[in-house]
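Colleague: Contents of data_16.pdb (PDB, C-alpha atoms, pLDDT in the B column) are given next:
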```pdb
ATOM      1  CA  MET O   1     108.710  76.645 133.885  1.00 70.00           C
ATOM      2  CA  TYR O   2     105.695  78.906 133.354  1.00 73.00           C
ATOM      3  CA  ASP O   3     102.080  77.772 133.456  1.00 76.00           C
ATOM      4  CA  ASN O   4      99.458  79.136 131.047  1.00 75.00           C
ATOM      5  CA  SER O   5      98.375  81.968 133.324  1.00 80.00           C
ATOM      6  CA  GLU O   6     101.962  83.125 133.804  1.00 84.00           C
ATOM      7  CA  VAL O   7     102.560  82.994 130.050  1.00 83.00           C
ATOM      8  CA  TYR O   8      99.413  85.042 129.409  1.00 84.00           C
ATOM      9  CA  GLU O   9     100.583  87.595 131.968  1.00 88.00           C
ATOM     10  CA  LEU O  10     104.009  87.864 130.350  1.00 88.00           C
ATOM     11  CA  VAL O  11     102.433  88.217 126.906  1.00 87.00           C
ATOM     12  CA  LEU O  12     100.183  91.019 128.156  1.00 88.00           C
ATOM     13  CA  LYS O  13     103.165  92.838 129.667  1.00 90.00           C
ATOM     14  CA  ALA O  14     105.202  92.337 126.492  1.00 88.00           C
ATOM     15  CA  LYS O  15     102.363  93.698 124.339  1.00 86.00           C
ATOM     16  CA  ASN O  16     102.369  96.787 126.552  1.00 87.00           C
ATOM     17  CA  GLY O  17     106.053  97.399 125.932  1.00 85.00           C
ATOM     18  CA  ASP O  18     107.689  95.492 128.804  1.00 87.00           C
ATOM     19  CA  SER O  19     111.087  94.539 127.334  1.00 87.00           C
ATOM     20  CA  GLU O  20     111.951  92.266 130.237  1.00 90.00           C
ATOM     21  CA  ALA O  21     108.756  90.243 129.754  1.00 88.00           C
ATOM     22  CA  LYS O  22     109.490  89.986 126.038  1.00 88.00           C
ATOM     23  CA  GLU O  23     113.004  88.752 126.755  1.00 90.00           C
ATOM     24  CA  LYS O  24     111.698  86.155 129.215  1.00 90.00           C
ATOM     25  CA  LEU O  25     109.227  84.858 126.644  1.00 90.00           C
ATOM     26  CA  LEU O  26     111.917  84.642 123.965  1.00 89.00           C
ATOM     27  CA  ASN O  27     114.305  82.762 126.232  1.00 89.00           C
ATOM     28  CA  TYR O  28     111.612  80.434 127.535  1.00 90.00           C
ATOM     29  CA  ASN O  29     110.349  79.641 124.042  1.00 90.00           C
ATOM     30  CA  SER O  30     113.757  79.305 122.411  1.00 91.00           C
ATOM     31  CA  PRO O  31     113.362  75.487 122.116  1.00 92.00           C
ATOM     32  CA  LEU O  32     109.990  76.044 120.424  1.00 91.00           C
ATOM     33  CA  ILE O  33     111.493  78.443 117.875  1.00 92.00           C
ATOM     34  CA  LYS O  34     114.346  76.015 117.187  1.00 92.00           C
ATOM     35  CA  SER O  35     111.957  73.102 116.697  1.00 91.00           C
ATOM     36  CA  VAL O  36     110.028  75.071 114.052  1.00 91.00           C
ATOM     37  CA  ILE O  37     112.973  76.461 112.090  1.00 91.00           C
ATOM     38  CA  LYS O  38     114.757  73.117 111.838  1.00 89.00           C
ATOM     39  CA  ARG O  39     112.310  72.222 109.036  1.00 86.00           C
ATOM     40  CA  TYR O  40     113.921  74.907 106.873  1.00 85.00           C
ATOM     41  CA  ILE O  41     117.620  74.225 107.506  1.00 82.00           C
ATOM     42  CA  ASP O  42     118.169  72.916 103.968  1.00 74.00           C
ATOM     43  CA  LYS O  43     116.455  75.855 102.261  1.00 73.00           C
ATOM     44  CA  GLY O  44     119.592  77.930 101.670  1.00 70.00           C
ATOM     45  CA  LEU O  45     119.676  80.062 104.832  1.00 75.00           C
ATOM     46  CA  GLU O  46     122.180  79.981 107.679  1.00 79.00           C
ATOM     47  CA  TYR O  47     120.900  78.684 111.001  1.00 84.00           C
ATOM     48  CA  ASP O  48     121.418  82.046 112.733  1.00 85.00           C
ATOM     49  CA  ASP O  49     119.382  83.784 110.036  1.00 84.00           C
ATOM     50  CA  LEU O  50     116.606  81.231 110.411  1.00 88.00           C
ATOM     51  CA  TYR O  51     116.588  81.761 114.158  1.00 90.00           C
ATOM     52  CA  GLN O  52     116.355  85.518 113.728  1.00 90.00           C
ATOM     53  CA  LEU O  53     113.396  85.102 111.365  1.00 90.00           C
ATOM     54  CA  GLY O  54     111.772  82.669 113.773  1.00 91.00           C
ATOM     55  CA  SER O  55     112.247  85.124 116.627  1.00 91.00           C
ATOM     56  CA  LEU O  56     110.693  87.893 114.532  1.00 91.00           C
ATOM     57  CA  GLY O  57     107.674  85.681 113.881  1.00 90.00           C
ATOM     58  CA  PHE O  58     107.501  84.929 117.597  1.00 91.00           C
ATOM     59  CA  LEU O  59     107.473  88.633 118.448  1.00 90.00           C
ATOM     60  CA  LYS O  60     104.668  89.163 115.940  1.00 89.00           C
ATOM     61  CA  ALA O  61     102.780  86.370 117.687  1.00 89.00           C
ATOM     62  CA  ILE O  62     103.124  88.278 120.960  1.00 89.00           C
ATOM     63  CA  ASN O  63     101.765  91.470 119.419  1.00 87.00           C
ATOM     64  CA  ASN O  64      98.823  89.755 117.712  1.00 85.00           C
ATOM     65  CA  PHE O  65      97.864  87.178 120.330  1.00 85.00           C
ATOM     66  CA  ASP O  66      94.361  87.373 121.756  1.00 80.00           C
ATOM     67  CA  GLU O  67      93.923  85.301 124.912  1.00 75.00           C
ATOM     68  CA  SER O  68      90.143  85.533 124.596  1.00 74.00           C
ATOM     69  CA  PHE O  69      90.293  82.673 122.086  1.00 67.00           C
ATOM     70  CA  GLY O  70      91.320  80.381 124.909  1.00 71.00           C
ATOM     71  CA  VAL O  71      94.204  78.640 123.116  1.00 76.00           C
ATOM     72  CA  LYS O  72      97.743  78.183 124.361  1.00 83.00           C
ATOM     73  CA  PHE O  73     100.103  80.914 123.276  1.00 86.00           C
ATOM     74  CA  SER O  74     102.521  78.314 121.879  1.00 86.00           C
ATOM     75  CA  THR O  75      99.730  76.914 119.668  1.00 86.00           C
ATOM     76  CA  TYR O  76      99.265  80.352 118.142  1.00 86.00           C
ATOM     77  CA  ALA O  77     102.995  81.102 117.934  1.00 88.00           C
ATOM     78  CA  VAL O  78     104.063  78.040 115.919  1.00 90.00           C
ATOM     79  CA  PRO O  79     102.437  78.982 112.582  1.00 89.00           C
ATOM     80  CA  MET O  80     103.443  82.624 113.073  1.00 88.00           C
ATOM     81  CA  ILE O  81     107.085  81.543 113.420  1.00 91.00           C
ATOM     82  CA  ALA O  82     106.853  79.254 110.398  1.00 89.00           C
ATOM     83  CA  GLY O  83     105.017  81.910 108.403  1.00 87.00           C
ATOM     84  CA  GLU O  84     107.777  84.473 108.902  1.00 88.00           C
ATOM     85  CA  VAL O  85     110.382  82.044 107.585  1.00 88.00           C
ATOM     86  CA  LYS O  86     108.179  81.027 104.640  1.00 86.00           C
ATOM     87  CA  ARG O  87     107.485  84.627 103.666  1.00 82.00           C
ATOM     88  CA  PHE O  88     111.193  85.403 103.636  1.00 83.00           C
ATOM     89  CA  LEU O  89     111.982  82.327 101.554  1.00 78.00           C
ATOM     90  CA  ARG O  90     109.153  83.182  99.175  1.00 73.00           C
ATOM     91  CA  ASP O  91     110.096  86.845  98.758  1.00 65.00           C
ATOM     92  CA  ASN O  92     113.860  86.816  99.228  1.00 60.00           C
ATOM     93  CA  GLY O  93     114.997  83.242  99.251  1.00 50.00           C
ATOM     94  CA  ILE O  94     117.553  82.032  96.737  1.00 54.00           C
ATOM     95  CA  ILE O  95     117.422  78.549  95.284  1.00 55.00           C
ATOM     96  CA  LYS O  96     120.960  77.240  95.569  1.00 57.00           C
ATOM     97  CA  VAL O  97     122.166  74.665  93.081  1.00 59.00           C
ATOM     98  CA  SER O  98     124.948  72.286  94.099  1.00 65.00           C
ATOM     99  CA  ARG O  99     128.316  72.436  92.342  1.00 74.00           C
ATOM    100  CA  SER O 100     127.902  68.908  91.008  1.00 80.00           C
ATOM    101  CA  VAL O 101     124.621  69.811  89.319  1.00 79.00           C
ATOM    102  CA  LYS O 102     126.119  73.013  87.890  1.00 79.00           C
ATOM    103  CA  SER O 103     129.091  71.043  86.578  1.00 85.00           C
ATOM    104  CA  LEU O 104     126.819  68.435  84.985  1.00 88.00           C
ATOM    105  CA  ASN O 105     124.721  71.163  83.377  1.00 86.00           C
ATOM    106  CA  MET O 106     127.844  72.718  81.827  1.00 88.00           C
ATOM    107  CA  GLN O 107     128.997  69.323  80.519  1.00 91.00           C
ATOM    108  CA  ILE O 108     125.585  68.650  79.007  1.00 91.00           C
ATOM    109  CA  SER O 109     125.535  72.077  77.358  1.00 89.00           C
ATOM    110  CA  LYS O 110     128.951  71.445  75.845  1.00 89.00           C
ATOM    111  CA  PHE O 111     127.907  67.988  74.610  1.00 91.00           C
ATOM    112  CA  VAL O 112     124.689  69.333  73.055  1.00 90.00           C
ATOM    113  CA  SER O 113     126.595  72.079  71.257  1.00 89.00           C
ATOM    114  CA  GLU O 114     129.146  69.619  69.849  1.00 91.00           C
ATOM    115  CA  PHE O 115     126.394  67.145  68.903  1.00 90.00           C
ATOM    116  CA  VAL O 116     124.507  69.828  66.976  1.00 89.00           C
ATOM    117  CA  ASN O 117     127.662  70.834  65.096  1.00 89.00           C
ATOM    118  CA  THR O 118     128.410  67.223  64.201  1.00 90.00           C
ATOM    119  CA  HIS O 119     124.935  65.844  63.459  1.00 89.00           C
ATOM    120  CA  ASN O 120     123.079  69.027  62.564  1.00 88.00           C
ATOM    121  CA  THR O 121     120.319  68.091  65.003  1.00 87.00           C
ATOM    122  CA  THR O 122     119.688  68.414  68.705  1.00 87.00           C
ATOM    123  CA  PRO O 123     120.124  65.247  70.804  1.00 89.00           C
ATOM    124  CA  ASN O 124     117.065  64.075  72.712  1.00 89.00           C
ATOM    125  CA  ILE O 125     116.983  63.403  76.446  1.00 87.00           C
ATOM    126  CA  ASP O 126     117.682  59.668  76.050  1.00 88.00           C
ATOM    127  CA  VAL O 127     120.815  60.314  73.989  1.00 90.00           C
ATOM    128  CA  ILE O 128     122.127  62.739  76.605  1.00 91.00           C
ATOM    129  CA  ALA O 129     121.292  60.335  79.433  1.00 90.00           C
ATOM    130  CA  SER O 130     123.152  57.539  77.660  1.00 92.00           C
ATOM    131  CA  GLN O 131     126.176  59.773  77.062  1.00 92.00           C
ATOM    132  CA  PHE O 132     126.528  60.622  80.749  1.00 92.00           C
ATOM    133  CA  ASN O 133     125.216  57.314  82.107  1.00 92.00           C
ATOM    134  CA  ILE O 134     122.442  58.987  84.084  1.00 89.00           C
ATOM    135  CA  THR O 135     118.644  58.827  84.047  1.00 87.00           C
ATOM    136  CA  PRO O 136     116.503  61.071  81.815  1.00 82.00           C
ATOM    137  CA  GLN O 137     115.109  62.651  84.988  1.00 78.00           C
ATOM    138  CA  GLU O 138     118.623  63.647  86.062  1.00 84.00           C
ATOM    139  CA  VAL O 139     119.232  65.175  82.640  1.00 85.00           C
ATOM    140  CA  VAL O 140     116.111  67.321  82.900  1.00 81.00           C
ATOM    141  CA  PHE O 141     116.945  68.347  86.466  1.00 78.00           C
ATOM    142  CA  ALA O 142     120.470  69.416  85.509  1.00 82.00           C
ATOM    143  CA  MET O 143     119.336  71.336  82.424  1.00 81.00           C
ATOM    144  CA  GLU O 144     116.524  73.090  84.309  1.00 74.00           C
ATOM    145  CA  SER O 145     118.826  74.075  87.182  1.00 70.00           C
ATOM    146  CA  SER O 146     120.219  77.050  85.250  1.00 65.00           C
ATOM    147  CA  LYS O 147     116.818  78.603  84.662  1.00 63.00           C
ATOM    148  CA  LYS O 148     115.724  81.483  86.846  1.00 56.00           C
ATOM    149  CA  PRO O 149     112.559  80.655  88.806  1.00 57.00           C
ATOM    150  CA  LEU O 150     109.481  82.689  87.909  1.00 55.00           C
ATOM    151  CA  SER O 151     107.641  84.806  90.415  1.00 53.00           C
ATOM    152  CA  LEU O 152     104.028  83.791  91.014  1.00 51.00           C
ATOM    153  CA  TYR O 153     103.197  87.381  90.105  1.00 50.00           C
ATOM    154  CA  THR O 154     104.839  87.259  86.677  1.00 57.00           C
ATOM    155  CA  VAL O 155     102.351  88.433  84.032  1.00 60.00           C
ATOM    156  CA  VAL O 156     101.686  85.598  81.593  1.00 59.00           C
ATOM    157  CA  ASN O 157      98.928  87.232  79.535  1.00 58.00           C
ATOM    158  CA  GLU O 158      99.477  90.760  78.299  1.00 51.00           C
ATOM    159  CA  ASP O 159      96.852  90.906  75.548  1.00 53.00           C
ATOM    160  CA  ASP O 160      95.451  94.385  75.087  1.00 49.00           C
ATOM    161  CA  ASP O 161      91.917  93.037  74.920  1.00 50.00           C
ATOM    162  CA  SER O 162      92.017  91.179  78.211  1.00 51.00           C
ATOM    163  CA  LYS O 163      92.964  91.742  81.818  1.00 52.00           C
ATOM    164  CA  ASN O 164      96.555  90.883  82.669  1.00 54.00           C
ATOM    165  CA  ILE O 165      96.820  87.446  84.219  1.00 58.00           C
ATOM    166  CA  CYS O 166      99.592  86.522  86.651  1.00 57.00           C
ATOM    167  CA  LEU O 167     101.050  83.052  87.020  1.00 54.00           C
ATOM    168  CA  ILE O 168      99.430  82.726  90.449  1.00 50.00           C
ATOM    169  CA  ASP O 169      96.015  83.130  88.777  1.00 53.00           C
ATOM    170  CA  LYS O 170      96.690  79.933  86.830  1.00 52.00           C
ATOM    171  CA  VAL O 171      97.676  77.888  89.895  1.00 49.00           C
ATOM    172  CA  GLU O 172      94.973  75.790  91.506  1.00 43.00           C
ATOM    173  CA  ALA O 173      94.165  77.073  94.971  1.00 42.00           C
ATOM    174  CA  ASP O 174      94.587  73.600  96.457  1.00 41.00           C
ATOM    175  CA  ASN O 175      98.211  73.552  95.310  1.00 40.00           C
ATOM    176  CA  ILE O 176      99.165  76.658  97.245  1.00 38.00           C
ATOM    177  CA  ASP O 177     100.476  76.322 100.778  1.00 43.00           C
ATOM    178  CA  ASN O 178      97.616  77.721 102.849  1.00 45.00           C
ATOM    179  CA  ASP O 179      98.514  76.651 106.370  1.00 44.00           C
ATOM    180  CA  MET O 180      98.908  80.303 107.384  1.00 43.00           C
ATOM    181  CA  ASP O 181      95.646  81.566 105.904  1.00 48.00           C
ATOM    182  CA  LEU O 182      93.660  81.484 109.117  1.00 45.00           C
ATOM    183  CA  PHE O 183      96.288  83.545 110.877  1.00 51.00           C
ATOM    184  CA  LEU O 184      96.455  86.075 108.077  1.00 55.00           C
ATOM    185  CA  VAL O 185      92.698  86.602 108.470  1.00 59.00           C
ATOM    186  CA  TYR O 186      92.830  86.586 112.251  1.00 65.00           C
ATOM    187  CA  LYS O 187      90.765  89.763 112.610  1.00 66.00           C
ATOM    188  CA  GLU O 188      88.124  88.339 110.300  1.00 74.00           C
ATOM    189  CA  ILE O 189      87.818  85.229 112.465  1.00 76.00           C
ATOM    190  CA  LYS O 190      87.007  87.446 115.445  1.00 75.00           C
ATOM    191  CA  ARG O 191      84.084  88.922 113.501  1.00 80.00           C
ATOM    192  CA  LEU O 192      82.438  85.533 113.068  1.00 83.00           C
ATOM    193  CA  PRO O 193      79.455  84.489 115.204  1.00 88.00           C
ATOM    194  CA  LYS O 194      80.518  82.702 118.399  1.00 86.00           C
ATOM    195  CA  ARG O 195      79.471  79.264 117.149  1.00 87.00           C
ATOM    196  CA  GLU O 196      81.448  79.653 113.931  1.00 88.00           C
ATOM    197  CA  GLN O 197      84.446  80.962 115.857  1.00 84.00           C
ATOM    198  CA  LYS O 198      84.320  77.886 118.059  1.00 85.00           C
ATOM    199  CA  ILE O 199      84.246  75.518 115.084  1.00 87.00           C
ATOM    200  CA  ILE O 200      87.276  77.223 113.512  1.00 81.00           C
ATOM    201  CA  MET O 201      89.165  77.280 116.808  1.00 79.00           C
ATOM    202  CA  LEU O 202      88.513  73.614 117.518  1.00 81.00           C
ATOM    203  CA  ARG O 203      89.282  72.543 113.970  1.00 77.00           C
ATOM    204  CA  TYR O 204      92.397  74.589 113.189  1.00 71.00           C
ATOM    205  CA  PHE O 205      93.816  75.711 116.516  1.00 68.00           C
ATOM    206  CA  ARG O 206      93.205  72.584 118.563  1.00 69.00           C
ATOM    207  CA  ASP O 207      93.539  70.074 115.716  1.00 66.00           C
ATOM    208  CA  MET O 208      90.231  68.369 116.460  1.00 76.00           C
ATOM    209  CA  THR O 209      88.608  66.202 113.791  1.00 80.00           C
ATOM    210  CA  GLN O 210      85.185  66.986 112.361  1.00 81.00           C
ATOM    211  CA  LYS O 211      83.854  63.923 114.209  1.00 82.00           C
ATOM    212  CA  GLU O 212      85.212  65.187 117.543  1.00 83.00           C
ATOM    213  CA  ILE O 213      83.729  68.643 116.969  1.00 87.00           C
ATOM    214  CA  ALA O 214      80.387  67.132 115.988  1.00 86.00           C
ATOM    215  CA  ASP O 215      80.318  65.089 119.194  1.00 85.00           C
ATOM    216  CA  GLU O 216      81.140  68.156 121.300  1.00 86.00           C
ATOM    217  CA  LEU O 217      78.465  70.314 119.663  1.00 88.00           C
ATOM    218  CA  GLY O 218      75.877  67.537 119.499  1.00 87.00           C
ATOM    219  CA  VAL O 219      75.441  67.588 115.721  1.00 87.00           C
ATOM    220  CA  SER O 220      76.378  65.281 112.848  1.00 85.00           C
ATOM    221  CA  GLN O 221      79.773  65.200 111.178  1.00 81.00           C
ATOM    222  CA  VAL O 222      78.091  66.073 107.883  1.00 82.00           C
ATOM    223  CA  GLN O 223      76.749  69.287 109.429  1.00 86.00           C
ATOM    224  CA  ILE O 224      80.200  70.225 110.702  1.00 86.00           C
ATOM    225  CA  SER O 225      81.694  69.556 107.268  1.00 83.00           C
ATOM    226  CA  ARG O 226      79.136  71.812 105.591  1.00 85.00           C
ATOM    227  CA  LEU O 227      79.544  74.531 108.224  1.00 88.00           C
ATOM    228  CA  GLU O 228      83.318  74.434 107.972  1.00 85.00           C
ATOM    229  CA  ASN O 229      83.218  74.848 104.178  1.00 83.00           C
ATOM    230  CA  LYS O 230      80.718  77.683 104.543  1.00 86.00           C
ATOM    231  CA  ILE O 231      82.857  79.491 107.128  1.00 84.00           C
ATOM    232  CA  ILE O 232      86.064  79.140 105.112  1.00 81.00           C
ATOM    233  CA  LYS O 233      84.282  80.441 102.007  1.00 79.00           C
ATOM    234  CA  LYS O 234      83.020  83.409 104.038  1.00 79.00           C
ATOM    235  CA  LEU O 235      86.542  84.214 105.247  1.00 75.00           C
ATOM    236  CA  GLN O 236      87.991  83.915 101.744  1.00 71.00           C
ATOM    237  CA  ASP O 237      85.361  86.300 100.367  1.00 72.00           C
ATOM    238  CA  ARG O 238      86.082  88.867 103.065  1.00 67.00           C
ATOM    239  CA  VAL O 239      89.796  89.063 102.365  1.00 58.00           C
ATOM    240  CA  LYS O 240      89.595  89.203  98.568  1.00 57.00           C
TER     241      LYS O 240
END
```
Give the structure from the file, written as structure tokens.
Modeller:
Amino acid sequence: MYDNSEVYELVLKAKNGDSEAKEKLLNYNSPLIKSVIKRYIDKGLEYDDLYQLGSLGFLKAINNFDESFGVKFSTYAVPMIAGEVKRFLRDNGIIKVSRSVKSLNMQISKFVSEFVNTHNTTPNIDVIASQFNITPQEVVFAMESSKKPLSLYTVVNEDDDSKNICLIDKVEADNIDNDMDLFLVYKEIKRLPKREQKIIMLRYFRDMTQKEIADELGVSQVQISRLENKIIKKLQDRVK
């Protein structure tokens, strides 16, 4: 088992091209990689593929790690591993629909077609639910399962008189998974004043509460809250 100093030394060697050090880090942190990727087992990828993606994220963590921040390497590596898997699922992932749902969707489609021919009107959700003895929610789920998901970058406004707007522009920022943002702007964090760096590191890398940070810095929690919002806004503006 390696202590922090030994891990830092191996990371430094690996960053400088030492394949043996890189292999040691991968083997030693294999349980860590497995613990992260297990969250995504039901997302449509084989376990071996997930592990490969997790390992790729781990290697990126080695290349980007800066020990001057004073955090454990594993603390930095976890979101990098998860981020690699999430990016793949976002960009290349396929939403798999179970056979039972596909079968139900086909049966519903057939019933709707026959109903229209017989009654000259389309059956509503309640009629379909009653026909198949399922809930309205299950009807909607089955019928929606055949639709191709839209990319967040699909243009939804192509008016000549206005700027094209993508679907992502219409999504509230708070609804987007942002747990990797701080790592994507890692270089920008290093440009912050030391005090602001410390607040971000304590808050997001060491999982300290605003109250705990306030106590450590000798200020009020309200001040930390305001500073945190100010720092995050500054980082968001820099990476626009």
Colleague: I'd like the neighbourhood of Val139 (chain O) as a list in words, where a residue qualifies if any of its atoms comes within 12 Å (using only C-alpha atoms), though same-chain residues fewer than 2 positions away should be ignored.
Modeller: Val101, Lys102, Leu104, Asn105, Met106, Gln107, Ile108, Ser109, Val112, Pro123, Asn124, Ile125, Asp126, Val127, Ile128, Ala129, Ser130, Gln131, Phe132, Asn133, Ile134, Thr135, Pro136, Gln137, Phe141, Ala142, Met143, Glu144 and Ser145 of chain O
Colleague: Please indicate the distance in Å from CA of Leu53 (chain O) to CA of Glu67 (chain O), rounded to one decimal place.
Modeller: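 The value is 23.7 Å.
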Colleague: Kindly resolve the PyMOL selection byres ((chain O and resi 33-50) around 12) on the present coordinates and return the residues as a ChimeraX atom specification.
Modeller: /O:25-32,51-59,61,74-75,77-90,92-98
Colleague: Quick one: pull the distance between CA of Ile213 (chain O) and CA of Asp66 (chain O), Å, one decimal.
Modeller: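 One can read the CA of Ile213 (chain O) to CA of Asp66 (chain O) distance as 22.1 Å.
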Colleague: Report the distance between CA of Gln197 (chain O) and CA of Asn16 (chain O) in Å, rounded to one decimal place.
Modeller: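 Interatomic distance, CA of Gln197 (chain O) to CA of Asn16 (chain O): 26.2 Å.
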Colleague: Name the residues in contact with Thr122 (chain O) at a cut-off of 9 Å, using only C-alpha atoms, excluding same-chain residues fewer than 4 positions from it; report them as an MDAnalysis selection string.
Modeller: chainID O and resid 112:113 115:116
Colleague: Put a box with edges along x, y and z around all the listed atoms of region 119-122 of chain O, pad it by 4 Å on each side, then give me its centre and sizes in Å, one decimal, as JSON.
Modeller:
```
{"center_x": 122.3, "center_y": 67.4, "center_z": 65.6, "size_x": 13.2, "size_y": 11.2, "size_z": 14.1}
```
Colleague: Suppose a student applies the PyMOL selection byres ((chain O and resi 202) around 12) to this structure; what residues should they get, written as a ChimeraX atom specification?
Modeller: /O:69-71,75,195-201,203-217,224,228
